[in-house]
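To start, the structure under review is shown below, and the notes come after it.
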Amino acid sequence: MILFELVPFEILRVVWWVLLGVLLTGFALTDGFDLGVGTLLPFVGRTDTERRIAINTIGPVWEGNQVWFILGGGAIFAAWPPLYAVSFSGFYLAMFAVLAALILRPVGFKYRSKRESAAWRNGWDWALFVGGAVPALIFGVAMGNVLQGVPFRFDDDLRVFYDGTFFGLLNPFALLTGVVSVAMLVTHGAAWLQLKAEGPVRDRARAIGSVAALVTVVSYVLAGLWLAKGIGGYALVGDVVSNGPSNPLFSETTRSPSWFGAFAERPWIAVSPVLGLLGSLLAFYGLRAGKDLMTMLYSKLAIIGIISSVGLTMFPYILPSSIDARSSLTVWNASSSHQTLFVMLVAAVIFVPIILAYTAWVYHVLWGKVTEAEINDNHETVY
C-alpha cells in the first residue's frame, strides 16, 4: 500500500477544510487585535506618549502574528488550487487594497518616530489606522460576498471567468458583514489594550470597545436574519461523491431557499452562532467590568463562534458561484490530489506545533503592561 492511502481521500479533504478554518481563525485571533489596535489608535491616544503606549502593546508581536495570514494563503494555494485561482483573481483589486493597507503598518512602525514633528507622527498614526481598518472591512466584505455567491464560471476546459467588478463587491449585505468584521476586531483590539495598557489609553479602549461589542451583536444578528430570509443557499443534487476527482463540473448544484437548511440537517452547528453572540456579550461585560484576561478570552470566543458559523453553515461549499451553480467549489471537488494533501498534512503536524510553541513562548516573555514610565524611560524604542 502506498503510504498516503493510509488516510482516505475524503477524510483528508475534510481535515484540510478544518485546517484552513483553523488558520484563518488563528489569523483573526492573533493579528486581529493588531488590526483592532490600529483602528483604535487615533481615538485612544490623544498625546504622542499615549499613542506610543498603544503602538508598543502590539509592536513586538504584530509581525509574528501575520504568520497565520501567510499560512492561510499558502494553504489555499496548495490545498485548494481552484479556490485560490478564483478568489485571488476575482478579488484582485480587493486583495491589492488589503496588501497596500498592510504594507502601511511596517512602514508606519518604522518611520513614525524618526522625526519629532507632530504632523509627521500624526500622519503615520492615521496610516496605521488605515492599515488596521481597511483589511478588517475588506475581509468582512469578502465573507459577505462568499455567502451570496461570487460571479464566476468554468468553461469545459476548466478555464475560469470572473464577471464581477470591484464595486459590485460593495453590496449592502457584504457591507453589513464588513461592519460585523470591523466591530468584532475593534472589540478584540480594545480587549488587548485593556490587558496591556494603563491609564487613559486603557480607559478609552474600554469605552469604545464596549460600544463595538454591542455593534458586533446587533450587526451579527441582522446579518443572520438577512441570510435566513433574503439570501438563497446552495445544495448538492444526487449522491455526493466525496472521493472523486477535483473537477467542479462533475457535480451538480442547485439553489436552495436559504443557507439555514444546514441547521436542520446538522443541528449541532448552532453552537457556533451561540458562541459568537455569547462571546460578544461577555466581552461587553468584561470591558465594562475591567476584567483584563477574561475579556480577551471572551473576545476570542466571539471570533471563533462568528467565523466558524460561516464555514459550518456553508459546508461542503467553500466558494459558490452566483451565475453558474454548476461551477461552485466544494470540499469534494476543489482540493489538490490525495498525495498532495497527505504530504501537506505531515508537514502541518510537524511545523504547526512548533509555531504554536514559539508563539506561546514569545507571549510569555513579553507578558506585562506597557506603561507611560516605560515609554518615557526607553529612549531607544522605535515606535
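Scheme for the C-alpha cells: letters A, B, ... for chains in order shown; per-chain residue numbers from 1; ligand numbers from 1 in order shown.
Residues in contact range of region 66-79 of chain A, defined as at most 6 Å between only C-alpha atoms, with sequence neighbours fewer than 3 positions away removed, read Leu23, Leu24, Phe27, Asp31, Glu63, Tyr84, Ser335 and Ser336 of chain A.
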Give me the region 190-269 of chain A side of the contact with region 172-186 of chain A, cut-off 9 Å, one line per residue showing its nearest atom pair and distance in Å at one decimal, counting only C-alpha atoms, sorted by chain and residue number, as JSON lines.
{"residue": "A:Ala190", "atom": "CA", "partner": "A:Val186", "partner_atom": "CA", "distance": 6.0}
{"residue": "A:Ala191", "atom": "CA", "partner": "A:Val186", "partner_atom": "CA", "distance": 8.5}
{"residue": "A:Ile208", "atom": "CA", "partner": "A:Val186", "partner_atom": "CA", "distance": 8.3}
{"residue": "A:Gly209", "atom": "CA", "partner": "A:Val186", "partner_atom": "CA", "distance": 6.4}
{"residue": "A:Val211", "atom": "CA", "partner": "A:Ala183", "partner_atom": "CA", "distance": 8.7}
{"residue": "A:Ala212", "atom": "CA", "partner": "A:Ala183", "partner_atom": "CA", "distance": 5.0}
{"residue": "A:Ala213", "atom": "CA", "partner": "A:Ala183", "partner_atom": "CA", "distance": 6.7}
{"residue": "A:Leu214", "atom": "CA", "partner": "A:Ala183", "partner_atom": "CA", "distance": 8.5}
{"residue": "A:Val215", "atom": "CA", "partner": "A:Ala183", "partner_atom": "CA", "distance": 6.2}
{"residue": "A:Thr216", "atom": "CA", "partner": "A:Ala183", "partner_atom": "CA", "distance": 5.2}
{"residue": "A:Val217", "atom": "CA", "partner": "A:Val180", "partner_atom": "CA", "distance": 8.1}
{"residue": "A:Val218", "atom": "CA", "partner": "A:Val180", "partner_atom": "CA", "distance": 8.6}
{"residue": "A:Ser219", "atom": "CA", "partner": "A:Val180", "partner_atom": "CA", "distance": 5.7}
{"residue": "A:Tyr220", "atom": "CA", "partner": "A:Val180", "partner_atom": "CA", "distance": 5.9}
{"residue": "A:Leu222", "atom": "CA", "partner": "A:Leu176", "partner_atom": "CA", "distance": 8.3}
{"residue": "A:Ala223", "atom": "CA", "partner": "A:Thr177", "partner_atom": "CA", "distance": 6.6}
{"residue": "A:Trp226", "atom": "CA", "partner": "A:Phe173", "partner_atom": "CA", "distance": 7.8}
{"residue": "A:Leu227", "atom": "CA", "partner": "A:Phe173", "partner_atom": "CA", "distance": 8.6}
Enumerate, in order of chain and increasing residue number, the residues of region 219-307 of chain A with an atom no farther than 12 Å from region 326-329 of chain A, each with its shortest atom pair and distance in Å to one decimal, counting only C-alpha atoms, as JSON lines.
{"residue": "A:Gly233", "atom": "CA", "partner": "A:Ser328", "partner_atom": "CA", "distance": 11.6}
{"residue": "A:Tyr234", "atom": "CA", "partner": "A:Ser328", "partner_atom": "CA", "distance": 8.9}
{"residue": "A:Ala235", "atom": "CA", "partner": "A:Ser328", "partner_atom": "CA", "distance": 10.1}
{"residue": "A:Leu236", "atom": "CA", "partner": "A:Arg326", "partner_atom": "CA", "distance": 9.5}
{"residue": "A:Val237", "atom": "CA", "partner": "A:Arg326", "partner_atom": "CA", "distance": 10.2}
{"residue": "A:Ser246", "atom": "CA", "partner": "A:Leu329", "partner_atom": "CA", "distance": 9.4}
{"residue": "A:Asn247", "atom": "CA", "partner": "A:Leu329", "partner_atom": "CA", "distance": 8.8}
{"residue": "A:Pro248", "atom": "CA", "partner": "A:Ser327", "partner_atom": "CA", "distance": 5.5}
{"residue": "A:Leu249", "atom": "CA", "partner": "A:Arg326", "partner_atom": "CA", "distance": 6.0}
{"residue": "A:Phe250", "atom": "CA", "partner": "A:Arg326", "partner_atom": "CA", "distance": 8.4}
{"residue": "A:Ser251", "atom": "CA", "partner": "A:Arg326", "partner_atom": "CA", "distance": 7.0}
{"residue": "A:Glu252", "atom": "CA", "partner": "A:Arg326", "partner_atom": "CA", "distance": 5.5}
{"residue": "A:Thr253", "atom": "CA", "partner": "A:Arg326", "partner_atom": "CA", "distance": 5.3}
{"residue": "A:Thr254", "atom": "CA", "partner": "A:Arg326", "partner_atom": "CA", "distance": 7.7}
{"residue": "A:Arg255", "atom": "CA", "partner": "A:Arg326", "partner_atom": "CA", "distance": 10.1}
May I have the residues from that selection written out with N, CA and C atoms, as a PDB file, in the first residue's frame?
ATOM      1  N   GLY A 233     -29.416  29.786  -0.595  1.00  0.00           N
ATOM      2  CA  GLY A 233     -28.247  28.966  -0.371  1.00  0.00           C
ATOM      3  C   GLY A 233     -27.966  28.059  -1.554  1.00  0.00           C
ATOM      4  N   TYR A 234     -27.187  27.030  -1.323  1.00  0.00           N
ATOM      5  CA  TYR A 234     -26.799  26.086  -2.363  1.00  0.00           C
ATOM      6  C   TYR A 234     -26.892  24.676  -1.807  1.00  0.00           C
ATOM      7  N   ALA A 235     -27.171  23.717  -2.678  1.00  0.00           N
ATOM      8  CA  ALA A 235     -27.272  22.331  -2.238  1.00  0.00           C
ATOM      9  C   ALA A 235     -26.838  21.410  -3.370  1.00  0.00           C
ATOM     10  N   LEU A 236     -26.169  20.319  -3.001  1.00  0.00           N
ATOM     11  CA  LEU A 236     -25.748  19.325  -3.983  1.00  0.00           C
ATOM     12  C   LEU A 236     -26.934  18.460  -4.386  1.00  0.00           C
ATOM     13  N   VAL A 237     -26.945  18.046  -5.642  1.00  0.00           N
ATOM     14  CA  VAL A 237     -28.022  17.223  -6.184  1.00  0.00           C
ATOM     15  C   VAL A 237     -27.521  15.792  -6.353  1.00  0.00           C
ATOM     16  N   SER A 246     -11.086  16.170  -8.594  1.00  0.00           N
ATOM     17  CA  SER A 246     -11.295  17.583  -8.268  1.00  0.00           C
ATOM     18  C   SER A 246     -11.689  18.340  -9.536  1.00  0.00           C
ATOM     19  N   ASN A 247     -12.948  18.203  -9.877  1.00  0.00           N
ATOM     20  CA  ASN A 247     -13.498  18.866 -11.058  1.00  0.00           C
ATOM     21  C   ASN A 247     -14.898  19.349 -10.715  1.00  0.00           C
ATOM     22  N   PRO A 248     -15.092  20.677 -10.561  1.00  0.00           N
ATOM     23  CA  PRO A 248     -16.412  21.187 -10.178  1.00  0.00           C
ATOM     24  C   PRO A 248     -17.518  20.781 -11.141  1.00  0.00           C
ATOM     25  N   LEU A 249     -17.186  20.576 -12.403  1.00  0.00           N
ATOM     26  CA  LEU A 249     -18.210  20.284 -13.401  1.00  0.00           C
ATOM     27  C   LEU A 249     -18.716  18.850 -13.308  1.00  0.00           C
ATOM     28  N   PHE A 250     -18.085  18.018 -12.478  1.00  0.00           N
ATOM     29  CA  PHE A 250     -18.532  16.646 -12.318  1.00  0.00           C
ATOM     30  C   PHE A 250     -19.648  16.510 -11.281  1.00  0.00           C
ATOM     31  N   SER A 251     -19.927  17.558 -10.546  1.00  0.00           N
ATOM     32  CA  SER A 251     -21.008  17.523  -9.549  1.00  0.00           C
ATOM     33  C   SER A 251     -22.103  18.508  -9.963  1.00  0.00           C
ATOM     34  N   GLU A 252     -23.268  18.308  -9.427  1.00  0.00           N
ATOM     35  CA  GLU A 252     -24.413  19.153  -9.787  1.00  0.00           C
ATOM     36  C   GLU A 252     -24.909  19.885  -8.550  1.00  0.00           C
ATOM     37  N   THR A 253     -25.083  21.188  -8.692  1.00  0.00           N
ATOM     38  CA  THR A 253     -25.522  22.038  -7.596  1.00  0.00           C
ATOM     39  C   THR A 253     -26.803  22.759  -7.985  1.00  0.00           C
ATOM     40  N   THR A 254     -27.671  22.918  -7.024  1.00  0.00           N
ATOM     41  CA  THR A 254     -28.881  23.688  -7.239  1.00  0.00           C
ATOM     42  C   THR A 254     -29.006  24.752  -6.164  1.00  0.00           C
ATOM     43  N   ARG A 255     -29.790  25.776  -6.436  1.00  0.00           N
ATOM     44  CA  ARG A 255     -30.029  26.801  -5.431  1.00  0.00           C
ATOM     45  C   ARG A 255     -31.086  26.323  -4.445  1.00  0.00           C
TER      46      ARG A 255
END
DSSP-assigned alpha helix (DSSP H) among region 81-126 of chain A, expressed as an NGL selection string: :A and (81-90 or 92-111 or 118-126)
Write a file of the just-selected residues containing N, CA, C and O atoms, as a short mmCIF file (atom, residue, chain, number, x, y, z; two decimals), in the first residue's frame.
data_model
loop_
_atom_site.label_atom_id
_atom_site.label_comp_id
_atom_site.auth_asym_id
_atom_site.auth_seq_id
_atom_site.Cartn_x
_atom_site.Cartn_y
_atom_site.Cartn_z
N PRO A 81 -6.40 24.61 -4.99
CA PRO A 81 -5.97 25.42 -6.13
C PRO A 81 -7.09 26.15 -6.87
O PRO A 81 -6.94 27.33 -7.20
N PRO A 82 -8.25 25.51 -7.14
CA PRO A 82 -9.31 26.26 -7.81
C PRO A 82 -9.83 27.43 -6.97
O PRO A 82 -10.14 28.50 -7.50
N LEU A 83 -9.89 27.24 -5.65
CA LEU A 83 -10.31 28.33 -4.77
C LEU A 83 -9.31 29.47 -4.85
O LEU A 83 -9.71 30.65 -4.91
N TYR A 84 -8.04 29.16 -4.84
CA TYR A 84 -7.00 30.19 -4.95
C TYR A 84 -7.13 30.92 -6.28
O TYR A 84 -7.06 32.16 -6.34
N ALA A 85 -7.32 30.17 -7.37
CA ALA A 85 -7.39 30.78 -8.70
C ALA A 85 -8.57 31.73 -8.82
O ALA A 85 -8.45 32.84 -9.34
N VAL A 86 -9.73 31.30 -8.32
CA VAL A 86 -10.93 32.12 -8.45
C VAL A 86 -10.89 33.32 -7.52
O VAL A 86 -11.13 34.46 -7.92
N SER A 87 -10.58 33.09 -6.25
CA SER A 87 -10.67 34.16 -5.26
C SER A 87 -9.59 35.22 -5.45
O SER A 87 -9.86 36.42 -5.40
N PHE A 88 -8.36 34.78 -5.72
CA PHE A 88 -7.27 35.75 -5.83
C PHE A 88 -7.30 36.50 -7.16
O PHE A 88 -6.71 37.56 -7.28
N SER A 89 -7.99 35.93 -8.17
CA SER A 89 -8.14 36.67 -9.42
C SER A 89 -9.40 37.52 -9.39
O SER A 89 -9.38 38.70 -9.77
N GLY A 90 -10.51 36.96 -8.93
CA GLY A 90 -11.76 37.71 -8.87
C GLY A 90 -11.71 38.85 -7.88
O GLY A 90 -12.28 39.92 -8.12
N TYR A 92 -9.09 40.51 -7.03
CA TYR A 92 -7.75 41.05 -7.20
C TYR A 92 -7.62 42.46 -6.63
O TYR A 92 -6.70 42.75 -5.85
N LEU A 93 -8.52 43.36 -7.00
CA LEU A 93 -8.42 44.74 -6.53
C LEU A 93 -8.63 44.82 -5.03
O LEU A 93 -7.97 45.61 -4.35
N ALA A 94 -9.54 44.00 -4.52
CA ALA A 94 -9.75 43.99 -3.07
C ALA A 94 -8.51 43.48 -2.35
O ALA A 94 -8.09 44.03 -1.33
N MET A 95 -7.89 42.42 -2.88
CA MET A 95 -6.66 41.90 -2.29
C MET A 95 -5.53 42.93 -2.37
O MET A 95 -4.73 43.08 -1.43
N PHE A 96 -5.48 43.65 -3.49
CA PHE A 96 -4.46 44.69 -3.63
C PHE A 96 -4.65 45.77 -2.57
O PHE A 96 -3.68 46.25 -1.98
N ALA A 97 -5.92 46.15 -2.32
CA ALA A 97 -6.19 47.15 -1.29
C ALA A 97 -5.77 46.66 0.08
O ALA A 97 -5.21 47.41 0.89
N VAL A 98 -6.02 45.37 0.37
CA VAL A 98 -5.60 44.79 1.65
C VAL A 98 -4.09 44.82 1.78
O VAL A 98 -3.54 45.25 2.82
N LEU A 99 -3.39 44.39 0.75
CA LEU A 99 -1.93 44.37 0.81
C LEU A 99 -1.35 45.77 0.94
O LEU A 99 -0.40 46.00 1.70
N ALA A 100 -1.92 46.72 0.20
CA ALA A 100 -1.44 48.10 0.31
C ALA A 100 -1.63 48.63 1.72
O ALA A 100 -0.76 49.31 2.27
N ALA A 101 -2.78 48.30 2.33
CA ALA A 101 -3.03 48.75 3.70
C ALA A 101 -2.09 48.07 4.68
O ALA A 101 -1.56 48.71 5.61
N LEU A 102 -1.85 46.76 4.48
CA LEU A 102 -0.96 46.05 5.39
C LEU A 102 0.47 46.53 5.27
O LEU A 102 1.23 46.50 6.25
N ILE A 103 0.87 46.96 4.07
CA ILE A 103 2.22 47.48 3.88
C ILE A 103 2.43 48.76 4.69
O ILE A 103 3.54 49.06 5.14
N LEU A 104 1.34 49.51 4.92
CA LEU A 104 1.46 50.74 5.70
C LEU A 104 1.87 50.47 7.15
O LEU A 104 2.47 51.34 7.79
N ARG A 105 1.56 49.28 7.64
CA ARG A 105 1.86 49.00 9.05
C ARG A 105 3.36 48.96 9.34
O ARG A 105 3.84 49.70 10.21
N PRO A 106 4.14 48.13 8.66
CA PRO A 106 5.58 48.14 8.98
C PRO A 106 6.23 49.49 8.68
O PRO A 106 7.15 49.90 9.41
N VAL A 107 5.76 50.15 7.63
CA VAL A 107 6.33 51.46 7.32
C VAL A 107 6.00 52.45 8.43
O VAL A 107 6.85 53.24 8.87
N GLY A 108 4.74 52.40 8.91
CA GLY A 108 4.34 53.30 9.99
C GLY A 108 5.11 53.03 11.27
O GLY A 108 5.58 53.96 11.94
N PHE A 109 5.25 51.76 11.63
CA PHE A 109 6.02 51.41 12.82
C PHE A 109 7.47 51.89 12.71
O PHE A 109 8.07 52.33 13.69
N LYS A 110 8.03 51.78 11.52
CA LYS A 110 9.43 52.08 11.33
C LYS A 110 9.70 53.59 11.34
O LYS A 110 10.71 54.04 11.91
N TYR A 111 8.81 54.36 10.74
CA TYR A 111 9.14 55.76 10.46
C TYR A 111 8.45 56.79 11.36
O TYR A 111 8.87 57.94 11.38
N ALA A 118 5.05 66.79 15.10
CA ALA A 118 3.72 66.28 15.46
C ALA A 118 2.93 65.93 14.22
O ALA A 118 2.20 64.91 14.19
N ALA A 119 3.04 66.75 13.16
CA ALA A 119 2.31 66.47 11.92
C ALA A 119 2.80 65.16 11.29
O ALA A 119 2.00 64.36 10.78
N TRP A 120 4.12 64.97 11.31
CA TRP A 120 4.70 63.75 10.77
C TRP A 120 4.16 62.52 11.51
O TRP A 120 3.70 61.56 10.88
N ARG A 121 4.20 62.55 12.82
CA ARG A 121 3.75 61.39 13.60
C ARG A 121 2.25 61.18 13.48
O ARG A 121 1.76 60.04 13.40
N ASN A 122 1.49 62.27 13.42
CA ASN A 122 0.05 62.16 13.27
C ASN A 122 -0.31 61.52 11.94
O ASN A 122 -1.23 60.69 11.84
N GLY A 123 0.44 61.90 10.90
CA GLY A 123 0.19 61.30 9.59
C GLY A 123 0.43 59.80 9.58
O GLY A 123 -0.37 59.04 9.03
N TRP A 124 1.50 59.36 10.22
CA TRP A 124 1.78 57.93 10.27
C TRP A 124 0.79 57.20 11.18
O TRP A 124 0.47 56.03 10.95
N ASP A 125 0.28 57.87 12.20
CA ASP A 125 -0.74 57.26 13.04
C ASP A 125 -2.01 56.98 12.25
O ASP A 125 -2.65 55.93 12.42
N TRP A 126 -2.38 57.90 11.37
CA TRP A 126 -3.55 57.66 10.52
C TRP A 126 -3.26 56.59 9.47
O TRP A 126 -4.16 55.85 9.05
#
Strand (DSSP E or B) call set, DSSP backbone run, region 201-354 of chain A, as number ranges by chain: A: 233-236, 253-256, 317-319, 321, 329-330
Output N, CA and C atoms for every residue in that selection, as a PDB file, in the first residue's frame.
ATOM      1  N   GLY A 233     -29.416  29.786  -0.595  1.00  0.00           N
ATOM      2  CA  GLY A 233     -28.247  28.966  -0.371  1.00  0.00           C
ATOM      3  C   GLY A 233     -27.966  28.059  -1.554  1.00  0.00           C
ATOM      4  N   TYR A 234     -27.187  27.030  -1.323  1.00  0.00           N
ATOM      5  CA  TYR A 234     -26.799  26.086  -2.363  1.00  0.00           C
ATOM      6  C   TYR A 234     -26.892  24.676  -1.807  1.00  0.00           C
ATOM      7  N   ALA A 235     -27.171  23.717  -2.678  1.00  0.00           N
ATOM      8  CA  ALA A 235     -27.272  22.331  -2.238  1.00  0.00           C
ATOM      9  C   ALA A 235     -26.838  21.410  -3.370  1.00  0.00           C
ATOM     10  N   LEU A 236     -26.169  20.319  -3.001  1.00  0.00           N
ATOM     11  CA  LEU A 236     -25.748  19.325  -3.983  1.00  0.00           C
ATOM     12  C   LEU A 236     -26.934  18.460  -4.386  1.00  0.00           C
ATOM     13  N   THR A 253     -25.083  21.188  -8.692  1.00  0.00           N
ATOM     14  CA  THR A 253     -25.522  22.038  -7.596  1.00  0.00           C
ATOM     15  C   THR A 253     -26.803  22.759  -7.985  1.00  0.00           C
ATOM     16  N   THR A 254     -27.671  22.918  -7.024  1.00  0.00           N
ATOM     17  CA  THR A 254     -28.881  23.688  -7.239  1.00  0.00           C
ATOM     18  C   THR A 254     -29.006  24.752  -6.164  1.00  0.00           C
ATOM     19  N   ARG A 255     -29.790  25.776  -6.436  1.00  0.00           N
ATOM     20  CA  ARG A 255     -30.029  26.801  -5.431  1.00  0.00           C
ATOM     21  C   ARG A 255     -31.086  26.323  -4.445  1.00  0.00           C
ATOM     22  N   SER A 256     -30.893  26.669  -3.173  1.00  0.00           N
ATOM     23  CA  SER A 256     -31.854  26.325  -2.123  1.00  0.00           C
ATOM     24  C   SER A 256     -32.431  27.620  -1.551  1.00  0.00           C
ATOM     25  N   TYR A 317     -19.730  23.633   0.843  1.00  0.00           N
ATOM     26  CA  TYR A 317     -19.318  24.665  -0.121  1.00  0.00           C
ATOM     27  C   TYR A 317     -18.223  25.550   0.471  1.00  0.00           C
ATOM     28  N   ILE A 318     -17.254  25.908  -0.363  1.00  0.00           N
ATOM     29  CA  ILE A 318     -16.228  26.853   0.044  1.00  0.00           C
ATOM     30  C   ILE A 318     -16.259  28.118  -0.810  1.00  0.00           C
ATOM     31  N   LEU A 319     -16.802  28.032  -2.022  1.00  0.00           N
ATOM     32  CA  LEU A 319     -16.983  29.225  -2.852  1.00  0.00           C
ATOM     33  C   LEU A 319     -18.054  28.937  -3.903  1.00  0.00           C
ATOM     34  N   SER A 321     -20.890  29.738  -6.826  1.00  0.00           N
ATOM     35  CA  SER A 321     -20.984  30.654  -7.963  1.00  0.00           C
ATOM     36  C   SER A 321     -22.407  31.181  -8.079  1.00  0.00           C
ATOM     37  N   LEU A 329     -17.566  25.691  -5.986  1.00  0.00           N
ATOM     38  CA  LEU A 329     -16.479  24.901  -5.419  1.00  0.00           C
ATOM     39  C   LEU A 329     -16.899  24.348  -4.062  1.00  0.00           C
ATOM     40  N   THR A 330     -16.638  23.067  -3.874  1.00  0.00           N
ATOM     41  CA  THR A 330     -16.956  22.403  -2.619  1.00  0.00           C
ATOM     42  C   THR A 330     -15.720  21.703  -2.070  1.00  0.00           C
TER      43      THR A 330
END
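For the pair CA of Glu5 (chain A) and CA of Ala347 (chain A), the separation is 16.5 Å.
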Spatial neighbours of Ile307 (chain A), 9 Å, only C-alpha atoms, chain gap at least 6 places, as a PyMOL selection string: chain A and resi 21+24-25+28+272-273+276
Distance of CA of Asp324 (chain A) from CA of Phe154 (chain A), expressed in Å to one decimal place: 8.3 Å
Interface rows for region 30-102 of chain A against region 195-203 of chain A: nearest pair, Å to one decimal, 7 Å, only C-alpha atoms, as JSON lines:
{"residue": "A:Val44", "atom": "CA", "partner": "A:Val201", "partner_atom": "CA", "distance": 5.2}
{"residue": "A:Gly45", "atom": "CA", "partner": "A:Val201", "partner_atom": "CA", "distance": 6.0}
{"residue": "A:Glu50", "atom": "CA", "partner": "A:Val201", "partner_atom": "CA", "distance": 6.3}
{"residue": "A:Ile53", "atom": "CA", "partner": "A:Ala197", "partner_atom": "CA", "distance": 6.9}
{"residue": "A:Ala54", "atom": "CA", "partner": "A:Ala197", "partner_atom": "CA", "distance": 7.0}
{"residue": "A:Thr57", "atom": "CA", "partner": "A:Lys196", "partner_atom": "CA", "distance": 6.1}
Atom pair CA of Gly149 (chain A) / CA of Leu29 (chain A): separation (Å):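 Distance between the two atoms: 25.9 Å.
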Nearest-residue call for Asn171 (chain A), choices A:Gly189, A:Gly131, A:Gly311, A:Gly140, using only C-alpha atoms: A:Gly140
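All residues of protein, DNA or RNA that reach within 9 Å of Leu366 (chain A), judged by only C-alpha atoms and not counting those fewer than 3 positions away in the chain, are Pro60, Val61, Trp361, Val362, Tyr363 and Lys369 of chain A.
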Restrict the selected residues to all heavy atoms and save them as a compact mmCIF listing (two decimals), in the first residue's frame.
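That gives us again_37.txt:
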# COMPACT_ATOMS: atom_id res chain seq x y z
N PRO A 60 5.93 44.50 19.34
CA PRO A 60 6.80 43.33 19.35
C PRO A 60 6.17 42.06 18.78
O PRO A 60 6.88 41.08 18.57
CB PRO A 60 7.11 43.13 20.85
CG PRO A 60 6.71 44.41 21.51
CD PRO A 60 5.58 44.94 20.70
N VAL A 61 4.84 42.03 18.57
CA VAL A 61 4.19 40.77 18.20
C VAL A 61 3.46 40.79 16.87
O VAL A 61 3.13 39.73 16.33
CB VAL A 61 3.18 40.34 19.30
CG1 VAL A 61 3.90 40.10 20.62
CG2 VAL A 61 2.07 41.38 19.48
N TRP A 361 5.73 30.98 23.75
CA TRP A 361 6.93 31.43 24.45
C TRP A 361 7.12 32.94 24.30
O TRP A 361 7.45 33.63 25.27
CB TRP A 361 8.14 30.68 23.92
CG TRP A 361 9.44 31.13 24.54
CD1 TRP A 361 9.92 30.80 25.78
CD2 TRP A 361 10.41 32.01 23.95
NE1 TRP A 361 11.14 31.41 26.00
CE2 TRP A 361 11.46 32.16 24.89
CE3 TRP A 361 10.49 32.67 22.74
CZ2 TRP A 361 12.57 32.96 24.64
CZ3 TRP A 361 11.59 33.46 22.48
CH2 TRP A 361 12.62 33.60 23.42
N VAL A 362 6.90 33.46 23.10
CA VAL A 362 7.05 34.90 22.86
C VAL A 362 6.09 35.69 23.74
O VAL A 362 6.47 36.68 24.38
CB VAL A 362 6.82 35.23 21.37
CG1 VAL A 362 6.68 36.74 21.17
CG2 VAL A 362 7.97 34.69 20.53
N TYR A 363 4.83 35.26 23.78
CA TYR A 363 3.86 35.99 24.61
C TYR A 363 4.18 35.88 26.09
O TYR A 363 3.93 36.81 26.86
CB TYR A 363 2.44 35.47 24.32
CG TYR A 363 1.84 36.07 23.07
CD1 TYR A 363 1.95 35.42 21.85
CD2 TYR A 363 1.17 37.28 23.11
CE1 TYR A 363 1.41 35.96 20.69
CE2 TYR A 363 0.63 37.84 21.96
CZ TYR A 363 0.75 37.17 20.76
OH TYR A 363 0.22 37.73 19.62
N LYS A 369 2.22 44.83 31.29
CA LYS A 369 1.62 46.04 30.74
C LYS A 369 2.67 47.01 30.23
O LYS A 369 3.80 47.06 30.75
CB LYS A 369 0.73 46.71 31.79
CG LYS A 369 -0.54 45.93 32.13
CD LYS A 369 -1.41 46.72 33.10
CE LYS A 369 -2.71 45.97 33.41
NZ LYS A 369 -3.61 45.93 32.26
